[in-house]
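Enquirer: Coordinates in upload-v1.pdb, PDB, C-alpha atoms, are listed below.
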```
ATOM      1  CA  MET A   7      82.396 100.360  98.883
ATOM      2  CA  ARG A   8      79.986  98.241  96.829
ATOM      3  CA  ILE A   9      81.619  96.248  94.026
ATOM      4  CA  ASP A  10      79.742  94.307  91.356
ATOM      5  CA  LEU A  11      81.928  91.517  89.956
ATOM      6  CA  ALA A  12      81.468  89.418  86.830
ATOM      7  CA  LEU A  13      83.872  86.682  85.719
ATOM      8  CA  PHE A  14      83.890  85.764  82.023
ATOM      9  CA  ASP A  15      85.485  82.949  80.053
ATOM     10  CA  GLY A  16      85.599  84.671  76.665
ATOM     11  CA  ASP A  17      81.990  85.785  76.119
ATOM     12  CA  ASP A  18      80.547  83.252  78.587
ATOM     13  CA  LEU A  19      79.528  84.596  81.997
ATOM     14  CA  LEU A  20      80.815  82.186  84.666
ATOM     15  CA  ASP A  21      79.681  84.086  87.761
ATOM     16  CA  ARG A  22      78.346  87.436  88.871
ATOM     17  CA  GLY A  23      77.790  88.906  92.312
ATOM     18  CA  GLU A  24      78.243  91.836  94.637
ATOM     19  CA  LEU A  25      80.691  92.599  97.427
ATOM     20  CA  LEU A  26      80.080  95.064 100.232
ATOM     21  CA  VAL A  27      83.633  95.923 101.229
ATOM     22  CA  GLY A  28      84.093  97.531 104.642
ATOM     23  CA  SER A  29      86.760  97.973 107.292
ATOM     24  CA  ILE A  30      86.098  94.505 108.742
ATOM     25  CA  ALA A  31      87.686  91.582 106.869
ATOM     26  CA  ARG A  32      85.065  89.272 105.357
ATOM     27  CA  THR A  33      84.753  86.409 102.901
ATOM     28  CA  SER A  34      81.917  86.246 100.385
ATOM     29  CA  SER A  35      81.052  83.073  98.483
ATOM     30  CA  PHE A  36      80.023  82.969  94.849
ATOM     31  CA  ALA A  37      79.187  79.998  92.629
ATOM     32  CA  VAL A  38      82.681  79.850  91.061
ATOM     33  CA  PHE A  39      84.965  81.452  93.680
ATOM     34  CA  GLN A  40      85.302  83.007  97.112
ATOM     35  CA  ALA A  41      86.311  86.619  97.695
ATOM     36  CA  ALA A  42      88.170  87.683 100.851
ATOM     37  CA  HIS A  43      87.938  91.457 101.153
ATOM     38  CA  GLU A  44      88.707  94.382 103.425
ATOM     39  CA  LEU A  45      88.757  98.137 102.931
ATOM     40  CA  GLY A  46      92.078  99.824 103.622
ATOM     41  CA  PRO A  47      92.774 103.576 103.785
ATOM     42  CA  ASP A  48      93.230 103.988 100.020
ATOM     43  CA  ALA A  49      92.130 100.724  98.448
ATOM     44  CA  ALA A  50      90.020  97.620  98.798
ATOM     45  CA  ASP A  51      92.153  94.513  99.267
ATOM     46  CA  ILE A  52      90.418  91.618  97.517
ATOM     47  CA  VAL A  53      91.611  88.044  96.970
ATOM     48  CA  LEU A  54      89.596  85.720  94.750
ATOM     49  CA  SER A  55      90.264  82.025  95.426
ATOM     50  CA  ASN A  56      88.840  78.495  95.589
ATOM     51  CA  PHE A  57      88.085  78.257  91.886
ATOM     52  CA  PRO A  58      86.764  74.856  90.721
ATOM     53  CA  PRO A  59      89.088  72.622  88.654
ATOM     54  CA  HIS A  60      87.486  73.617  85.329
ATOM     55  CA  VAL A  61      88.434  77.286  85.944
ATOM     56  CA  ASP A  62      92.169  77.562  85.315
ATOM     57  CA  LEU A  63      92.892  80.234  87.945
ATOM     58  CA  GLU A  64      94.700  80.072  91.284
ATOM     59  CA  ASN A  65      94.404  83.162  93.489
ATOM     60  CA  VAL A  66      93.627  86.562  91.992
ATOM     61  CA  THR A  67      94.798  89.465  94.167
ATOM     62  CA  LEU A  68      93.261  92.889  93.571
ATOM     63  CA  ASP A  69      94.372  96.184  95.096
ATOM     64  CA  MET A  70      91.346  98.189  93.967
ATOM     65  CA  PRO A  71      91.518 101.961  94.585
ATOM     66  CA  ILE A  72      88.528 103.448  96.362
ATOM     67  CA  HIS A  73      86.543 105.106  93.587
ATOM     68  CA  GLU A  74      83.198 105.408  91.830
ATOM     69  CA  SER A  75      83.129 103.724  88.404
ATOM     70  CA  ALA A  76      81.574 105.603  85.494
ATOM     71  CA  ASP A  77      80.959 102.297  83.684
ATOM     72  CA  TRP A  78      82.056  98.662  83.869
ATOM     73  CA  GLU A  79      85.829  98.287  84.144
ATOM     74  CA  SER A  80      87.752  95.098  83.442
ATOM     75  CA  ILE A  81      90.953  93.232  84.168
ATOM     76  CA  ASP A  82      92.400  90.791  81.634
ATOM     77  CA  LEU A  83      93.305  87.497  83.326
ATOM     78  CA  GLY A  84      94.476  85.748  80.152
ATOM     79  CA  ARG A  85      91.693  83.396  79.122
ATOM     80  CA  TYR A  86      89.361  85.077  81.648
ATOM     81  CA  THR A  87      88.139  88.627  82.174
ATOM     82  CA  LEU A  88      87.058  90.076  85.501
ATOM     83  CA  ALA A  89      84.619  92.951  85.055
ATOM     84  CA  PHE A  90      83.744  95.222  87.973
ATOM     85  CA  TRP A  91      81.733  98.321  88.849
ATOM     86  CA  CYS A  92      82.563 100.251  92.035
ATOM     87  CA  ARG A  93      80.095 102.402  93.981
ATOM     88  CA  LEU A  94      80.686 104.454  97.090
ATOM     89  CA  ASP A  95      77.147 104.014  98.437
ATOM     90  CA  ALA A  96      77.917 101.038 100.688
TER      91      ALA A  96
END
```
Just give me the structure as structure tokens.

Expert:
Amino acid sequence: MRIDLALFDGDDLLDRGELLVGSIARTSSFAVFQAAHELGPDAADIVLSNFPPHVDLENVTLDMPIHESADWESIDLGRYTLAFWCRLDA
């Protein structure tokens, strides 16, 4: 599964990148965080971590169902918003 991620602080884009999530556990590095990810039978297990001190987040754990997004989706993380778009073409 291919997942585009974008992390916002209000309207300010902090980081944006793409994950290719497969059956083998991997870690992808972005400018503002790392993403450990692996595809399970029904969902992608994703953990965002290693945020810099100016980003007030610890670990963000996502249990993302395997699906094709029709548009950007988002998760409210308080001050931050994580936007994502899932594709099954990976």

Enquirer: With distances taken over only C-alpha atoms, which residue among A:Thr67, A:Ser80, A:Ser29, A:Thr87 lies nearest Asp48 in chain A?

Expert: A:Ser29

Enquirer: Restricting the calculation to all atoms listed in the file: of A:Leu13, A:Leu20, A:Ile52, A:Val27, which residue gets closest to Ala89 in chain A?

Expert: A:Leu13

Enquirer: One number please: CA of Ile72 in chain A to CA of His43 in chain A, in Å, one decimal.

Expert: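 According to the coordinates, CA of Ile72 in chain A and CA of His43 in chain A are separated by 12.9 Å.
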
Enquirer: Just checking: using all atoms listed in the file, which residue out of A:Phe14, A:Trp78, A:Phe36, A:Phe57 ends up closest to Arg93 in chain A?

Expert: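 Distance minimum relative to Arg93 in chain A lands on A:Trp78.
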
Enquirer: Can you work out the spacing between CA of Asp62 in chain A and CA of Arg22 in chain A in Å, to one decimal?

Expert: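 Spanning CA of Asp62 in chain A to CA of Arg22 in chain A is a straight-line distance of 17.4 Å.
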